[in-house]
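Chemist: Next up, model_21.cif (mmCIF, C-alpha atoms and all ligand atoms).
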data_structure
#
loop_
_atom_site.label_atom_id
_atom_site.label_comp_id
_atom_site.auth_asym_id
_atom_site.auth_seq_id
_atom_site.Cartn_x
_atom_site.Cartn_y
_atom_site.Cartn_z
CA MET A 735 63.90 -14.54 42.91
CA ARG A 736 66.95 -16.64 41.97
CA ILE A 737 69.32 -16.21 39.02
CA LYS A 738 70.56 -19.20 36.97
CA SER A 739 73.59 -19.68 39.23
CA GLY A 740 71.23 -20.28 42.14
CA LYS A 741 72.44 -17.16 43.99
CA LEU A 742 70.14 -14.38 44.91
CA PRO A 743 70.75 -11.24 42.85
CA LEU A 744 72.70 -8.49 44.57
CA HIS A 745 70.14 -5.91 43.61
CA SER A 746 66.47 -6.44 43.27
CA PRO A 747 65.08 -5.58 39.82
CA PRO A 748 63.72 -2.06 39.63
CA ASN A 749 60.11 -3.26 39.51
CA SER A 750 60.27 -5.51 42.57
CA ALA A 751 57.86 -4.88 45.39
CA ASP A 752 60.57 -3.50 47.67
CA ASN A 753 61.64 -0.87 45.18
CA PHE A 754 58.26 -0.09 43.73
CA ASP A 755 57.41 3.58 43.73
CA TRP A 756 54.11 3.48 45.67
CA THR A 757 53.94 7.27 45.75
CA SER A 758 53.71 7.40 41.96
CA LEU A 759 50.98 4.70 42.00
CA GLU A 760 49.01 6.68 44.60
CA ASN A 761 49.45 9.78 42.44
CA ASP A 762 48.21 7.80 39.41
CA VAL A 763 45.19 6.53 41.34
CA SER A 764 44.32 9.98 42.66
CA ARG A 765 44.77 11.42 39.12
CA THR A 766 42.41 8.74 37.72
CA GLU A 767 39.88 9.43 40.49
CA SER A 768 40.03 13.16 39.89
CA HIS A 769 39.58 12.53 36.12
CA GLY A 770 36.56 10.35 36.93
CA GLU A 771 35.08 13.08 39.13
CA GLU A 772 35.66 15.67 36.41
CA ALA A 773 33.96 13.43 33.85
CA ASN A 774 31.01 12.90 36.22
CA GLN A 775 30.81 16.64 36.81
CA ARG A 776 30.85 17.30 33.05
CA THR A 777 28.09 14.71 32.48
CA LYS A 778 25.97 16.30 35.23
CA GLU A 779 26.45 19.76 33.72
CA ARG A 780 25.56 18.48 30.22
CA ARG A 781 22.44 16.80 31.61
CA LYS A 782 21.42 19.99 33.45
CA LYS A 783 21.87 22.08 30.28
CA SER A 784 19.83 19.61 28.21
CA GLN A 785 17.01 19.60 30.83
CA LYS A 786 17.07 23.42 30.87
CA ARG A 787 16.85 23.53 27.04
CA LYS A 788 13.92 21.05 27.04
CA ALA A 789 12.07 23.03 29.76
CA GLY A 790 12.64 26.23 27.75
CA ARG A 791 11.26 24.65 24.57
CA LYS A 792 8.21 23.32 26.46
CA GLN A 793 7.59 26.74 28.01
CA ALA A 794 7.83 28.39 24.58
CA GLU A 795 5.33 25.88 23.14
CA HIS A 796 2.93 26.50 26.03
CA TYR A 797 3.33 30.24 25.52
CA LYS A 798 2.53 29.92 21.80
CA LEU A 799 -0.54 27.78 22.59
CA SER A 800 -1.69 30.27 25.22
CA MET A 801 -1.22 33.11 22.71
CA MET A 802 -3.53 31.23 20.37
CA LEU A 803 -6.33 31.64 22.91
CA GLU A 804 -6.02 35.44 22.48
CA MET A 805 -7.27 35.08 18.89
CA PRO A 806 -10.97 35.48 17.99
CA TYR A 807 -12.92 32.29 18.77
CA ASP A 808 -14.16 31.69 15.20
CA ILE A 809 -10.53 31.71 13.94
CA ILE A 810 -9.41 29.38 16.74
CA PHE A 811 -12.25 27.00 15.92
CA GLU A 812 -11.36 27.17 12.22
CA ILE A 813 -7.73 26.24 12.96
CA LEU A 814 -8.57 23.50 15.46
CA SER A 815 -11.05 21.86 13.08
CA LEU A 816 -8.13 21.19 10.70
CA LEU A 817 -6.32 19.10 13.32
CA THR A 818 -6.60 15.33 13.68
CA PRO A 819 -8.52 13.94 16.69
CA LYS A 820 -5.16 12.72 18.02
CA ASP A 821 -3.73 16.27 17.87
CA LEU A 822 -6.83 17.63 19.61
CA LEU A 823 -6.36 15.02 22.33
CA SER A 824 -2.71 16.12 22.77
CA MET A 825 -3.86 19.73 23.02
CA THR A 826 -6.22 18.89 25.89
CA ARG A 827 -3.11 17.78 27.76
CA ALA A 828 -1.02 20.87 26.89
CA ASN A 829 -2.49 23.26 29.44
CA ARG A 830 -5.57 23.94 31.53
CA ALA A 831 -7.00 26.72 29.36
CA LEU A 832 -6.90 24.56 26.23
CA ARG A 833 -8.32 21.58 28.08
CA GLU A 834 -11.23 23.66 29.35
CA MET A 835 -11.88 25.06 25.88
CA LEU A 836 -11.68 21.71 24.07
CA THR A 837 -13.89 19.92 26.58
CA SER A 838 -16.59 22.59 26.54
CA VAL A 839 -19.96 21.99 24.86
CA GLN A 840 -19.14 24.72 22.29
CA SER A 841 -16.14 22.70 21.09
CA ARG A 842 -18.09 19.54 20.28
CA HIS A 843 -18.41 20.57 16.64
CA ILE A 844 -14.58 20.93 16.34
CA TRP A 845 -14.23 17.28 17.31
CA ARG A 846 -17.13 16.31 15.02
CA VAL A 847 -15.51 18.00 11.99
CA SER A 848 -12.10 16.50 12.82
CA ARG A 849 -13.53 12.97 13.24
CA ALA A 850 -15.44 13.23 9.96
CA SER A 851 -12.34 14.53 8.09
CA PHE A 852 -10.09 11.76 9.37
CA GLY A 853 -12.59 8.87 9.17
CA MET A 854 -12.93 8.25 12.88
CA PRO A 855 -16.24 6.75 14.11
CA GLU A 856 -18.69 9.29 15.50
CA CYS A 857 -18.71 9.74 19.27
CA PRO A 858 -21.86 8.59 21.12
CA LYS A 859 -23.79 11.51 22.63
CA ASP A 860 -23.24 10.46 26.24
CA ILE A 861 -19.45 10.15 25.98
CA PRO A 862 -17.03 13.12 26.18
CA ASP A 863 -15.09 13.71 22.91
CA ALA A 864 -11.68 13.57 24.61
CA SER A 865 -12.55 10.22 26.29
CA TRP A 866 -13.68 8.87 22.92
CA ALA A 867 -10.41 9.97 21.27
CA ASN A 868 -8.40 8.54 24.16
CA LEU A 869 -10.07 5.20 23.51
CA PHE A 870 -8.66 5.16 19.96
CA PHE A 871 -5.19 6.54 20.57
CA SER A 872 -4.19 5.03 23.88
CA SER A 873 -2.41 1.66 24.14
CA ARG A 874 -3.21 0.79 27.75
CA CYS A 875 -5.83 -1.69 28.87
CA GLN A 876 -8.48 0.31 30.71
CA GLU A 877 -9.26 -2.61 33.01
CA CYS A 878 -5.87 -3.84 34.25
CA GLY A 879 -3.54 -1.05 33.06
CA SER A 880 -1.42 -3.41 30.91
CA VAL A 881 0.40 -1.85 27.93
CA PHE A 882 -1.08 -4.55 25.68
CA GLY A 883 -4.49 -2.93 25.39
CA LYS A 884 -4.72 -3.87 21.71
CA HIS A 885 -8.43 -4.68 21.63
CA LEU A 886 -10.48 -1.64 20.90
CA GLN A 887 -14.14 -2.22 21.74
CA PRO A 888 -15.92 1.04 20.78
CA VAL A 889 -19.33 -0.55 21.44
CA PHE A 890 -18.35 -1.12 25.06
CA CYS A 891 -16.38 2.17 25.12
CA ARG A 892 -13.29 0.28 26.18
CA ARG A 893 -9.77 -0.57 25.10
CA VAL A 894 -8.62 -3.79 26.71
CA CYS A 895 -5.98 -6.52 26.62
CA LEU A 896 -6.89 -10.01 25.40
CA ASN A 897 -7.09 -11.42 28.96
CA CYS A 898 -9.56 -8.75 30.07
CA ALA A 899 -11.57 -9.13 26.85
CA ARG A 900 -11.87 -12.87 27.51
CA SER A 901 -12.86 -12.41 31.14
CA HIS A 902 -15.52 -9.72 30.51
CA ILE A 903 -17.09 -10.40 27.10
CA PHE A 904 -19.67 -13.18 26.91
CA SER A 905 -22.08 -14.55 24.32
CA GLU A 906 -25.86 -14.20 24.71
CA VAL A 907 -26.20 -18.02 24.95
CA ALA A 908 -24.27 -17.92 28.23
CA PHE A 909 -26.51 -15.29 29.87
CA GLU A 910 -28.63 -17.64 31.97
CA ASP A 911 -25.61 -19.55 33.30
CA LEU A 912 -23.60 -16.44 34.08
CA PHE A 913 -26.41 -14.34 35.53
CA PRO A 914 -28.93 -16.76 37.11
CA GLY A 915 -32.21 -15.11 38.04
CA MET A 916 -31.58 -11.94 36.04
CA ASP A 917 -34.15 -10.70 33.52
CA PRO A 918 -32.99 -11.52 29.93
CA ILE A 919 -34.66 -8.28 28.80
CA ILE A 920 -31.42 -6.63 30.02
CA MET A 921 -29.79 -7.80 26.78
CA ASP A 922 -32.18 -5.56 24.81
CA LEU A 923 -31.21 -2.52 26.86
CA ILE A 924 -27.41 -2.56 26.66
CA PRO A 925 -25.00 -2.28 23.69
CA TYR A 926 -23.70 -5.44 22.10
CA SER A 927 -21.08 -6.43 19.56
CA ASN A 928 -21.21 -9.11 16.87
CA THR A 929 -17.61 -10.10 17.53
CA GLY A 930 -16.54 -12.02 20.61
CA SER A 931 -13.47 -11.70 22.80
CA SER A 932 -11.30 -13.37 20.16
CA ALA A 933 -11.84 -10.52 17.71
CA PRO A 934 -10.19 -9.58 15.41
CA PHE A 935 -9.12 -13.21 14.79
CA TYR A 936 -12.69 -14.34 14.09
CA PRO A 937 -15.17 -12.66 11.76
CA ARG A 938 -18.45 -11.10 12.86
CA ASN A 939 -21.30 -13.54 13.35
CA HIS A 940 -25.01 -13.51 14.15
CA LYS A 941 -24.54 -13.82 17.90
CA ARG A 942 -24.68 -10.91 20.32
CA TYR A 943 -21.77 -10.38 22.69
CA PHE A 944 -22.03 -8.27 25.83
CA TRP A 945 -19.78 -6.69 28.44
CA ASP A 946 -20.52 -8.28 31.85
CA THR A 947 -20.35 -5.17 34.08
CA SER A 948 -22.96 -3.46 31.86
CA VAL A 949 -25.33 -6.29 32.78
CA TYR A 950 -24.87 -5.73 36.53
CA LYS A 951 -25.31 -1.97 36.16
CA MET A 952 -28.46 -2.31 34.05
CA SER A 953 -29.86 -5.03 36.32
CA GLU A 954 -29.55 -2.76 39.37
CA GLN A 955 -31.28 0.18 37.66
CA LEU A 956 -34.03 -2.04 36.27
CA SER A 957 -34.68 -3.81 39.62
CA ASN A 958 -35.13 -0.49 41.43
CA LEU A 959 -37.72 0.64 38.89
CA GLN A 960 -39.48 -2.77 38.87
CA LYS A 961 -39.65 -2.72 42.69
CA ALA A 962 -41.36 0.67 42.52
CA VAL A 963 -43.93 -0.81 40.12
CA HIS A 964 -44.59 -3.79 42.45
CA MET A 965 -45.05 -1.38 45.34
CA GLN A 966 -47.56 0.49 43.16
CA GLN A 967 -45.76 3.80 43.54
CA PRO A 968 -47.29 6.68 41.54
CA SER A 969 -46.07 6.95 37.93
CA ALA A 970 -43.67 4.03 38.49
CA ARG A 971 -44.94 2.26 35.37
CA HIS A 972 -44.43 5.37 33.32
CA ALA A 973 -40.87 5.78 34.71
CA LEU A 974 -40.03 2.15 33.88
CA LYS A 975 -41.37 2.51 30.33
CA ASN A 976 -39.37 5.72 29.79
CA PHE A 977 -36.24 4.17 31.22
CA LYS A 978 -36.44 1.18 28.85
CA ALA A 979 -37.05 3.44 25.85
CA GLU A 980 -34.11 5.69 26.75
CA ALA A 981 -31.77 2.71 27.40
CA THR A 982 -32.70 1.17 24.01
CA ARG A 983 -32.10 4.50 22.26
CA SER A 984 -28.74 4.99 24.01
CA ALA A 985 -27.59 1.42 23.16
CA LYS A 986 -28.53 1.94 19.49
CA GLU A 987 -26.68 5.27 19.45
CA VAL A 988 -23.49 3.62 20.77
CA MET A 989 -23.76 0.73 18.30
CA LYS A 990 -24.38 3.01 15.33
CA GLY A 991 -21.38 2.83 12.99
CA ASN A 992 -19.46 0.38 15.18
ZN ZN A 1001 -6.28 -5.95 30.75
#
Could you show the structure in this file as structure tokens?
Modeler:
Amino acid sequence: MRIKSGKLPLHSPPNSADNFDWTSLENDVSRTESHGEEANQRTKERRKKSQKRKAGRKQAEHYKLSMMLEMPYDIIFEILSLLTPKDLLSMTRANRALREMLTSVQSRHIWRVSRASFGMPECPKDIPDASWANLFFSSRCQECGSVFGKHLQPVFCRRVCLNCARSHIFSEVAFEDLFPGMDPIIMDLIPYSNTGSSAPFYPRNHKRYFWDTSVYKMSEQLSNLQKAVHMQQPSARHALKNFKAEATRSAKEVMKGN
């Protein structure tokens, strides 16, 4: 560095590189690093404490719920019947004892009372209550796992995203093209909806809409029974007749109220 006269200064300014106090800079850096480590340590400790508190709270809740099971059954049932189906669903996930109790046959009436009180459609006989509730309160598509499972299809016992609804739901007029060679009687034996895959954007209409995998499943069961009839197996006709009657009843049961 030159001064105005053009001569070099006799002494370098105190902050020049030659005179710079590197020791103090190193001390500063090490102080900053140690402060950073302390801060990290403090954050870790805070996080640990918060996790401990949360685990404690969860344990206390589980303990309270387990204590509830010590009460007489009629009182437990009375209390549980006051809860919403969503709360009951959460309780099945709280611990094993509660799950076993709420999924037992004896608990079906708790769910029934809760559904009736909160205006939820009745659960078809062949479907577990917790699965039925999960259908209403989950947000995931049950086909592809997407979080956009906005389309609830109680008739098909499914919650799906729009893409999956469009790829699985079909109108009765497309049956022959989609399932060549299959018996159209299948459509009388499986549940159907009056809204297509674009629901709820379009109103209900007179057409029947089906879920494709139900067709394959029904076709397989029906073919086995029909084969037995062709082979003239004993009571095969009776079995086929009973099967059709039961399938029609079950489809009506699922469609009831939906
Ligand atoms: Zn999907």
Chemist: Please, which residues have at least one atom within 9 Å of an atom of ligand ZN 1001 (chain A), using all atoms listed in the file, listed as number ranges by chain?
Modeler: A: 874-883, 893-899
Chemist: As an exercise, work out the distance from atom CA of A:Asp863 to atom CA of A:Glu980 in Å and give it to one decimal place.
Modeler: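 Answer for the atom CA of A:Asp863 to atom CA of A:Glu980 separation: 21.0 Å.
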Chemist: For atom CA of A:Asp946 and atom CA of A:Cys891, determine how far apart the two atoms are, in Å to one decimal place.
Modeler: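 According to the coordinates, atom CA of A:Asp946 and atom CA of A:Cys891 are separated by 13.1 Å.
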Chemist: State, in Å with one decimal place, the distance from atom CA of A:Ser901 to atom CA of A:His885.
Modeler: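 Answer for the atom CA of A:Ser901 to atom CA of A:His885 separation: 13.0 Å.
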Chemist: Skipping near chain neighbours, those fewer than 3 positions away, what residues fall within 7 Å of stretch 806-812 of chain A using all atoms listed in the file, listed as number ranges by chain?
Modeler: A: 815-816, 844
Chemist: Mind dumping the selected residues with C-alpha atoms as a PDB file, in the coordinates of the input?
Modeler:
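Result went into out.pdb, see below:
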ATOM      1  CA  SER A 815     -11.050  21.860  13.080  1.00  0.00           C
ATOM      2  CA  LEU A 816      -8.130  21.190  10.700  1.00  0.00           C
ATOM      3  CA  ILE A 844     -14.580  20.930  16.340  1.00  0.00           C
TER       4      ILE A 844
END
Chemist: Hey, which of A:Lys961, A:Lys786, A:Lys990, A:Lys978 ends up closest to A:Glu856? Count all atoms listed in the file.
Modeler: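 Between A:Lys961, A:Lys786, A:Lys990, A:Lys978, the residue approaching A:Glu856 most closely is A:Lys990.
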Chemist: Looking at all atoms listed in the file, which of A:Gln887, A:Ser984, A:Ser873, A:Asn774 is the one that sits closest to A:Asp922?
Modeler: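 Smallest distance to A:Asp922 is found for A:Ser984.
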Chemist: For A:Ala981, work out the shell of residues within 10 Å, counting only C-alpha atoms and skipping chain neighbours fewer than 2 positions away, then give it as a PyMOL selection string.
Modeler: chain A and resi 920+922-925+952+976-979+983-987
Chemist: Select, from A:Val949, A:Arg830, A:Asp860, A:Gly930, the residue with the minimum atom-to-atom distance to A:Glu910, counting all atoms listed in the file.
Modeler: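 The closest residue to A:Glu910 is A:Val949.
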Chemist: Can you pull out the residues contacting A:Val963? Cut-off 10 Å, using all atoms listed in the file, and skip same-chain residues under 6 positions away; I want them as a list of chain:residue names.
Modeler: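 Once the adjacent positions are removed, what remains is A:Ser957, A:Ser969, A:Ala970, A:Arg971, A:His972, A:Ala973, A:Leu974.
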